[in-house]
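model_11.cif, holding mmCIF, C-alpha atoms and all ligand atoms:
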```cif
data_coords
#
loop_
_atom_site.group_PDB
_atom_site.id
_atom_site.type_symbol
_atom_site.label_atom_id
_atom_site.label_comp_id
_atom_site.auth_asym_id
_atom_site.auth_seq_id
_atom_site.Cartn_x
_atom_site.Cartn_y
_atom_site.Cartn_z
ATOM 1 C CA LYS A 648 4.427 26.405 52.953
ATOM 2 C CA HIS A 649 4.822 26.847 49.205
ATOM 3 C CA GLN A 650 1.298 28.267 48.986
ATOM 4 C CA GLN A 651 1.842 30.597 51.926
ATOM 5 C CA ALA A 652 4.978 32.018 50.278
ATOM 6 C CA GLN A 653 3.006 32.557 47.074
ATOM 7 C CA LYS A 654 0.271 34.332 49.048
ATOM 8 C CA ASP A 655 2.801 36.565 50.763
ATOM 9 C CA ARG A 656 4.299 37.576 47.434
ATOM 10 C CA GLN A 657 0.864 38.328 46.027
ATOM 11 C CA GLU A 658 0.055 40.528 49.011
ATOM 12 C CA LYS A 659 3.323 42.407 48.731
ATOM 13 C CA LEU A 660 2.629 43.039 45.048
ATOM 14 C CA ALA A 661 -0.954 44.109 45.628
ATOM 15 C CA GLN A 662 0.208 46.682 48.169
ATOM 16 C CA LEU A 663 2.881 48.096 45.908
ATOM 17 C CA ASP A 664 2.101 51.661 44.897
ATOM 18 C CA PRO A 665 3.113 52.886 41.406
ATOM 19 C CA LYS A 666 5.319 55.486 43.120
ATOM 20 C CA GLU A 667 7.338 52.657 44.630
ATOM 21 C CA TYR A 668 7.940 50.693 41.420
ATOM 22 C CA THR A 669 11.536 51.775 41.081
ATOM 23 C CA LYS A 670 12.496 51.422 44.728
ATOM 24 C CA PHE A 671 13.923 47.967 44.103
ATOM 25 C CA THR A 672 17.416 47.882 42.647
ATOM 26 C CA LYS A 673 18.364 44.210 43.089
ATOM 27 C CA PHE A 674 16.414 41.187 41.843
ATOM 28 C CA SER A 675 16.645 39.767 45.372
ATOM 29 C CA GLU A 676 14.554 42.681 46.705
ATOM 30 C CA LEU A 677 11.616 41.830 44.445
ATOM 31 C CA PRO A 678 8.842 39.503 45.630
ATOM 32 C CA LEU A 679 9.947 36.649 43.355
ATOM 33 C CA SER A 680 9.695 32.883 43.778
ATOM 34 C CA ARG A 681 12.632 31.021 45.273
ATOM 35 C CA GLN A 682 13.125 29.123 41.985
ATOM 36 C CA THR A 683 13.493 32.313 39.980
ATOM 37 C CA LEU A 684 15.808 33.949 42.515
ATOM 38 C CA ILE A 685 18.064 30.882 42.465
ATOM 39 C CA GLY A 686 18.048 30.881 38.650
ATOM 40 C CA LEU A 687 18.963 34.574 38.503
ATOM 41 C CA ARG A 688 21.705 34.237 41.084
ATOM 42 C CA GLY A 689 23.122 31.199 39.285
ATOM 43 C CA ALA A 690 23.393 33.268 36.101
ATOM 44 C CA HIS A 691 25.049 36.108 38.079
ATOM 45 C CA PHE A 692 22.209 38.539 37.536
ATOM 46 C CA ILE A 693 22.195 40.713 40.675
ATOM 47 C CA GLU A 694 21.453 44.395 39.957
ATOM 48 C CA MET A 695 18.587 45.303 37.683
ATOM 49 C CA THR A 696 19.017 47.487 34.617
ATOM 50 C CA GLY A 697 16.829 50.586 34.155
ATOM 51 C CA ILE A 698 14.146 48.923 32.044
ATOM 52 C CA GLN A 699 14.058 45.939 34.413
ATOM 53 C CA LYS A 700 13.566 48.206 37.445
ATOM 54 C CA GLU A 701 10.715 50.008 35.747
ATOM 55 C CA ALA A 702 8.964 47.186 33.938
ATOM 56 C CA ILE A 703 9.150 44.167 36.235
ATOM 57 C CA PRO A 704 7.061 45.441 39.213
ATOM 58 C CA PRO A 705 4.036 46.579 37.141
ATOM 59 C CA ALA A 706 4.321 43.481 34.929
ATOM 60 C CA LEU A 707 4.266 41.291 38.065
ATOM 61 C CA GLN A 708 1.103 43.120 39.099
ATOM 62 C CA GLY A 709 -0.488 42.059 35.831
ATOM 63 C CA GLN A 710 -0.360 45.330 33.910
ATOM 64 C CA ASP A 711 0.218 45.625 30.186
ATOM 65 C CA ILE A 712 3.559 47.221 29.335
ATOM 66 C CA LEU A 713 4.762 49.276 26.406
ATOM 67 C CA GLY A 714 8.492 49.465 26.943
ATOM 68 C CA ALA A 715 11.087 51.228 24.851
ATOM 69 C CA ALA A 716 14.758 50.832 25.642
ATOM 70 C CA LYS A 717 17.781 50.569 23.415
ATOM 71 C CA THR A 718 19.446 47.327 22.370
ATOM 72 C CA GLY A 719 21.522 45.801 25.141
ATOM 73 C CA SER A 720 19.497 47.340 27.971
ATOM 74 C CA GLY A 721 18.216 44.019 29.321
ATOM 75 C CA LYS A 722 14.713 43.769 27.893
ATOM 76 C CA THR A 723 14.767 39.949 27.806
ATOM 77 C CA LEU A 724 14.734 39.537 31.597
ATOM 78 C CA ALA A 725 12.214 42.380 31.863
ATOM 79 C CA PHE A 726 9.643 40.082 30.246
ATOM 80 C CA LEU A 727 10.920 36.605 31.115
ATOM 81 C CA ILE A 728 10.800 37.148 34.885
ATOM 82 C CA PRO A 729 7.103 38.208 34.939
ATOM 83 C CA LEU A 730 6.389 35.306 32.562
ATOM 84 C CA ILE A 731 7.963 32.647 34.798
ATOM 85 C CA GLU A 732 6.285 34.101 37.877
ATOM 86 C CA MET A 733 2.897 34.014 36.150
ATOM 87 C CA LEU A 734 3.278 30.311 35.319
ATOM 88 C CA LEU A 735 4.183 29.509 38.933
ATOM 89 C CA ARG A 736 1.345 31.633 40.281
ATOM 90 C CA GLU A 737 -1.149 29.893 38.004
ATOM 91 C CA ASP A 738 0.319 26.451 38.810
ATOM 92 C CA TRP A 739 0.641 25.882 35.081
ATOM 93 C CA ASN A 740 1.067 22.269 33.997
ATOM 94 C CA GLU A 741 1.513 20.333 30.772
ATOM 95 C CA PHE A 742 -2.239 19.875 30.306
ATOM 96 C CA ASP A 743 -2.953 23.604 30.338
ATOM 97 C CA GLY A 744 -1.485 24.237 26.907
ATOM 98 C CA VAL A 745 0.349 27.404 25.937
ATOM 99 C CA GLY A 746 0.368 29.878 28.832
ATOM 100 C CA ALA A 747 2.699 32.404 27.266
ATOM 101 C CA LEU A 748 3.577 33.257 23.703
ATOM 102 C CA ILE A 749 6.733 35.167 22.762
ATOM 103 C CA ILE A 750 6.994 36.605 19.275
ATOM 104 C CA SER A 751 10.436 37.541 18.028
ATOM 105 C CA PRO A 752 11.483 38.976 14.654
ATOM 106 C CA THR A 753 14.280 36.506 13.857
ATOM 107 C CA ARG A 754 15.329 32.910 14.519
ATOM 108 C CA GLU A 755 18.540 34.060 16.182
ATOM 109 C CA LEU A 756 16.743 36.326 18.651
ATOM 110 C CA ALA A 757 14.136 33.622 19.326
ATOM 111 C CA MET A 758 16.925 31.162 20.115
ATOM 112 C CA GLN A 759 18.614 33.655 22.456
ATOM 113 C CA ILE A 760 15.366 34.171 24.383
ATOM 114 C CA TYR A 761 14.925 30.389 24.587
ATOM 115 C CA GLU A 762 18.439 29.962 26.033
ATOM 116 C CA VAL A 763 17.895 32.662 28.675
ATOM 117 C CA LEU A 764 14.509 31.181 29.620
ATOM 118 C CA LEU A 765 15.995 27.683 29.997
ATOM 119 C CA ASN A 766 18.811 29.099 32.083
ATOM 120 C CA ILE A 767 16.923 31.240 34.577
ATOM 121 C CA GLY A 768 13.847 28.975 34.539
ATOM 122 C CA LYS A 769 15.677 25.707 35.078
ATOM 123 C CA HIS A 770 14.410 25.325 38.656
ATOM 124 C CA SER A 771 10.777 25.532 37.513
ATOM 125 C CA SER A 772 8.950 22.728 35.735
ATOM 126 C CA PHE A 773 7.271 24.378 32.726
ATOM 127 C CA SER A 774 8.165 23.309 29.194
ATOM 128 C CA CYS A 775 9.230 25.684 26.470
ATOM 129 C CA GLY A 776 9.506 25.260 22.745
ATOM 130 C CA LEU A 777 10.901 27.111 19.773
ATOM 131 C CA VAL A 778 9.037 27.332 16.494
ATOM 132 C CA ILE A 779 11.190 28.974 13.878
ATOM 133 C CA GLY A 780 11.503 28.603 10.151
ATOM 134 C CA GLY A 781 14.192 26.281 8.883
ATOM 135 C CA LYS A 782 13.351 23.444 11.248
ATOM 136 C CA ASP A 783 11.099 20.473 10.508
ATOM 137 C CA PHE A 784 7.490 21.671 10.745
ATOM 138 C CA LYS A 785 6.118 18.206 11.439
ATOM 139 C CA TYR A 786 8.606 17.656 14.259
ATOM 140 C CA GLU A 787 7.508 20.923 15.877
ATOM 141 C CA SER A 788 3.855 20.145 15.275
ATOM 142 C CA GLU A 789 4.018 16.776 17.059
ATOM 143 C CA ARG A 790 5.509 18.306 20.204
ATOM 144 C CA ILE A 791 3.643 21.580 20.326
ATOM 145 C CA GLY A 792 0.735 20.175 22.367
ATOM 146 C CA LYS A 793 2.855 19.865 25.491
ATOM 147 C CA ILE A 794 4.514 23.267 25.321
ATOM 148 C CA ASN A 795 3.755 25.911 27.989
ATOM 149 C CA VAL A 796 5.928 28.735 26.676
ATOM 150 C CA LEU A 797 6.016 29.038 22.923
ATOM 151 C CA ILE A 798 8.723 31.195 21.374
ATOM 152 C CA GLY A 799 8.698 31.827 17.665
ATOM 153 C CA THR A 800 8.923 33.975 14.598
ATOM 154 C CA PRO A 801 5.633 35.413 13.259
ATOM 155 C CA GLY A 802 5.312 33.383 10.048
ATOM 156 C CA ARG A 803 6.028 30.049 11.656
ATOM 157 C CA LEU A 804 3.763 30.743 14.619
ATOM 158 C CA LEU A 805 0.844 31.581 12.369
ATOM 159 C CA GLN A 806 1.486 28.447 10.329
ATOM 160 C CA HIS A 807 1.199 26.360 13.516
ATOM 161 C CA MET A 808 -1.951 28.207 14.583
ATOM 162 C CA ASP A 809 -3.472 27.313 11.225
ATOM 163 C CA GLN A 810 -2.202 23.768 10.848
ATOM 164 C CA SER A 811 -1.127 22.160 14.142
ATOM 165 C CA ALA A 812 -4.120 20.351 15.617
ATOM 166 C CA ASN A 813 -2.293 19.746 18.919
ATOM 167 C CA LEU A 814 -1.680 23.403 19.591
ATOM 168 C CA ASN A 815 -3.856 24.652 22.452
ATOM 169 C CA ILE A 816 -3.641 28.393 22.839
ATOM 170 C CA ASN A 817 -7.131 28.941 24.314
ATOM 171 C CA ASN A 818 -5.825 29.460 27.853
ATOM 172 C CA LEU A 819 -3.123 31.948 26.905
ATOM 173 C CA GLN A 820 -2.317 34.272 29.825
ATOM 174 C CA MET A 821 0.523 36.337 28.408
ATOM 175 C CA LEU A 822 1.603 37.641 25.016
ATOM 176 C CA ILE A 823 5.078 39.095 24.581
ATOM 177 C CA LEU A 824 6.051 41.054 21.520
ATOM 178 C CA ASP A 825 9.812 41.459 21.520
ATOM 179 C CA GLU A 826 11.586 43.913 19.222
ATOM 180 C CA ALA A 827 8.209 45.029 17.923
ATOM 181 C CA ASP A 828 9.775 47.744 15.778
ATOM 182 C CA ARG A 829 11.866 45.156 13.966
ATOM 183 C CA ILE A 830 8.934 42.786 13.530
ATOM 184 C CA LEU A 831 7.058 45.590 11.790
ATOM 185 C CA ASP A 832 10.092 46.734 9.752
ATOM 186 C CA MET A 833 10.399 43.191 8.441
ATOM 187 C CA GLY A 834 6.889 43.350 7.027
ATOM 188 C CA PHE A 835 5.095 41.123 9.540
ATOM 189 C CA LYS A 836 2.255 43.553 10.326
ATOM 190 C CA LYS A 837 -0.475 41.396 8.728
ATOM 191 C CA THR A 838 0.897 38.197 10.217
ATOM 192 C CA LEU A 839 0.955 39.780 13.674
ATOM 193 C CA ASP A 840 -2.597 41.062 13.283
ATOM 194 C CA SER A 841 -3.761 37.540 12.370
ATOM 195 C CA ILE A 842 -2.007 36.017 15.375
ATOM 196 C CA ILE A 843 -3.344 38.657 17.762
ATOM 197 C CA SER A 844 -6.889 38.330 16.476
ATOM 198 C CA SER A 845 -6.944 34.593 17.162
ATOM 199 C CA ILE A 846 -5.652 34.544 20.742
ATOM 200 C CA PRO A 847 -7.721 35.219 23.873
ATOM 201 C CA PRO A 848 -8.216 38.966 24.438
ATOM 202 C CA GLN A 849 -8.182 38.650 28.261
ATOM 203 C CA ARG A 850 -4.457 38.224 28.486
ATOM 204 C CA GLN A 851 -1.583 40.338 29.677
ATOM 205 C CA THR A 852 0.543 41.829 26.899
ATOM 206 C CA LEU A 853 4.128 43.040 27.203
ATOM 207 C CA LEU A 854 5.406 44.899 24.161
ATOM 208 C CA PHE A 855 9.081 45.810 23.918
ATOM 209 C CA SER A 856 10.799 47.797 21.279
ATOM 210 C CA ALA A 857 14.139 49.564 20.774
ATOM 211 C CA THR A 858 12.408 52.586 19.234
ATOM 212 C CA GLN A 859 8.968 54.186 19.562
ATOM 213 C CA THR A 860 7.757 54.535 15.995
ATOM 214 C CA LYS A 861 4.310 55.402 14.694
ATOM 215 C CA SER A 862 3.755 51.794 13.616
ATOM 216 C CA VAL A 863 4.717 50.531 17.086
ATOM 217 C CA GLN A 864 2.152 52.905 18.585
ATOM 218 C CA ASP A 865 -0.490 51.625 16.157
ATOM 219 C CA LEU A 866 0.308 48.057 17.126
ATOM 220 C CA ALA A 867 0.189 49.020 20.814
ATOM 221 C CA ARG A 868 -3.267 50.485 20.393
ATOM 222 C CA LEU A 869 -4.433 47.203 18.894
ATOM 223 C CA SER A 870 -2.793 44.791 21.283
ATOM 224 C CA LEU A 871 -2.491 46.497 24.687
ATOM 225 C CA THR A 872 -5.045 47.478 27.322
ATOM 226 C CA ASN A 873 -4.354 50.596 29.375
ATOM 227 C CA PRO A 874 -0.589 49.993 29.207
ATOM 228 C CA LYS A 875 2.120 51.369 31.425
ATOM 229 C CA TYR A 876 4.464 53.384 29.207
ATOM 230 C CA ILE A 877 8.140 53.019 29.927
ATOM 231 C CA ASN A 878 10.820 54.862 28.070
ATOM 232 C CA SER A 879 14.089 53.928 29.641
ATOM 233 C CA SER A 880 17.248 55.686 28.573
ATOM 234 C CA SER A 881 19.522 54.637 31.421
ATOM 235 C CA ASP A 882 21.346 51.326 31.571
ATOM 236 C CA LEU A 883 21.469 50.728 35.304
HETATM 237 P P1 LIG B 901 18.030 43.839 24.900
HETATM 238 O O1 LIG B 901 17.007 42.789 24.629
HETATM 239 O O2 LIG B 901 17.468 45.046 25.574
HETATM 240 O O3 LIG B 901 18.814 44.191 23.682
HETATM 241 P P2 LIG B 901 19.272 41.747 26.439
HETATM 242 O O4 LIG B 901 18.136 41.322 27.247
HETATM 243 O O5 LIG B 901 19.632 40.891 25.267
HETATM 244 O O6 LIG B 901 19.087 43.251 25.942
HETATM 245 O O7 LIG B 901 20.534 41.919 27.402
HETATM 246 C C1 LIG B 901 21.777 42.395 26.928
HETATM 247 C C2 LIG B 901 22.920 41.788 27.728
HETATM 248 O O8 LIG B 901 22.886 42.263 29.064
HETATM 249 C C3 LIG B 901 22.880 40.279 27.813
HETATM 250 O O9 LIG B 901 24.178 39.770 27.639
HETATM 251 C C4 LIG B 901 22.383 39.996 29.215
HETATM 252 O O10 LIG B 901 22.877 38.786 29.717
HETATM 253 C C5 LIG B 901 22.913 41.178 29.981
HETATM 254 N N1 LIG B 901 22.060 41.552 31.136
HETATM 255 C C6 LIG B 901 20.729 41.736 31.117
HETATM 256 N N2 LIG B 901 20.268 42.091 32.323
HETATM 257 C C7 LIG B 901 21.335 42.119 33.146
HETATM 258 C C8 LIG B 901 21.515 42.416 34.543
HETATM 259 N N3 LIG B 901 20.473 42.754 35.305
HETATM 260 N N4 LIG B 901 22.764 42.335 35.052
HETATM 261 C C9 LIG B 901 23.791 41.992 34.262
HETATM 262 N N5 LIG B 901 23.708 41.714 32.949
HETATM 263 C C10 LIG B 901 22.492 41.773 32.391
HETATM 264 MG MG MG B 902 16.240 41.886 22.974
#
```
Here is a file; write its structure as structure tokens.
Amino acid sequence: KHQQAQKDRQEKLAQLDPKEYTKFTKFSELPLSRQTLIGLRGAHFIEMTGIQKEAIPPALQGQDILGAAKTGSGKTLAFLIPLIEMLLREDWNEFDGVGALIISPTRELAMQIYEVLLNIGKHSSFSCGLVIGGKDFKYESERIGKINVLIGTPGRLLQHMDQSANLNINNLQMLILDEADRILDMGFKKTLDSIISSIPPQRQTLLFSATQTKSVQDLARLSLTNPKYINSSSDL
């Protein structure tokens, strides 16, 4: 029954034409898993914001996304929902290693993403972990082998990629770059390039940014494949 529902969702997504991407206005209208719909409803997320309406359907179809929308427009759910659905679709388990990597410019933003993921993903069984500066590296390193969704700041992530023997990132399905403009403004260009060059190229990448700068476009050229461009100015 579970597999049939998954198949039905996949079919619905495969048939979805790009012209129809924005026809859904509520999360409940999207072909999402029961777990995710329950998580969203429990958090009182009902209507989608503009960026969510535009980004979630193509991201669910597996496309790369370059999304620009101002702060407060709801970008977090625009990437977390496709991420959770991917893990369910792939039947991801603790032995598969890191399935999705989320890079955030600051500890505070990384922690916020982590909280939202725990909240809306609480009916699914994947594990998520935060790797941010200021916490015990060894503690993180010992647990990192069992993490399916890794959320972190660029410097700390690269440090784990270099030094944590337990980290298995070879099966990575999805890379998310959140607040890419800020990551670059903070001087993490080289760190990002190093991370991106040592993860599997056959992954889906979702890049979100508050502004579309030249350096964001350069990064997009390096990290995205045939992306869908979304520039959302509306809130709902
Ligand atoms: P951004 O990353 O674009 O700055 P966030 O993802 O942090 O924005 O969301 C901003 C605020 O809007 C958060 O408090 C979040 O809970 C809320 N929010 C996001 N999406 C929705 C939605 N569909 N319905 C209601 N509130 C939402
Ligand atoms: Mg954000």
### Task
Compute the set of protein, DNA and RNA residues whose minimum atom distance to ligand MG 902 (chain B) is at most 9 Å, using all atoms listed in the file, and state it as a ChimeraX atom specification.
/A:717-723,751,756,759-760,825-826,855-857
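Between ligand LIG 901 (chain B) and the candidates A:Lys673, A:His807, A:Arg656, A:Arg829, the tightest atom-to-atom separation, counting all atoms listed in the file, involves A:Lys673.
The residue that comes closest to ligand LIG 901 (chain B), out of A:Leu764, A:Leu831, A:Ile712, A:Leu679 and on the basis of all atoms listed in the file, is A:Leu764.
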### Query
Hey, what's within 8 Å of region 842-854 of chain A if we count all atoms listed in the file and toss same-chain stuff fewer than 3 positions away? As a PyMOL selection string, please?
chain A and resi 706+709-714+726+801+804-805+808+816-827+838-839+867+870-872
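With distances restricted to only C-alpha atoms, A:Pro729 is the closest residue to Pro704 (chain A) from A:Gly780, A:Pro729, A:Gly746, A:Gly768.
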### Task
Would you kindly return, as an MDAnalysis selection string, each protein, DNA or RNA residue with an atom no farther than 7 Å from any atom of region 657-671 of chain A, considering all atoms listed in the file and excluding same-chain residues fewer than 4 positions away?
chainID A and resid 653 676:678 700:701 704 708
### Summary
In terms of all atoms listed in the file, the residue from A:Ala747, A:His649, A:Ala757, A:Asp738 at minimal distance from Ser772 (chain A) is A:Asp738
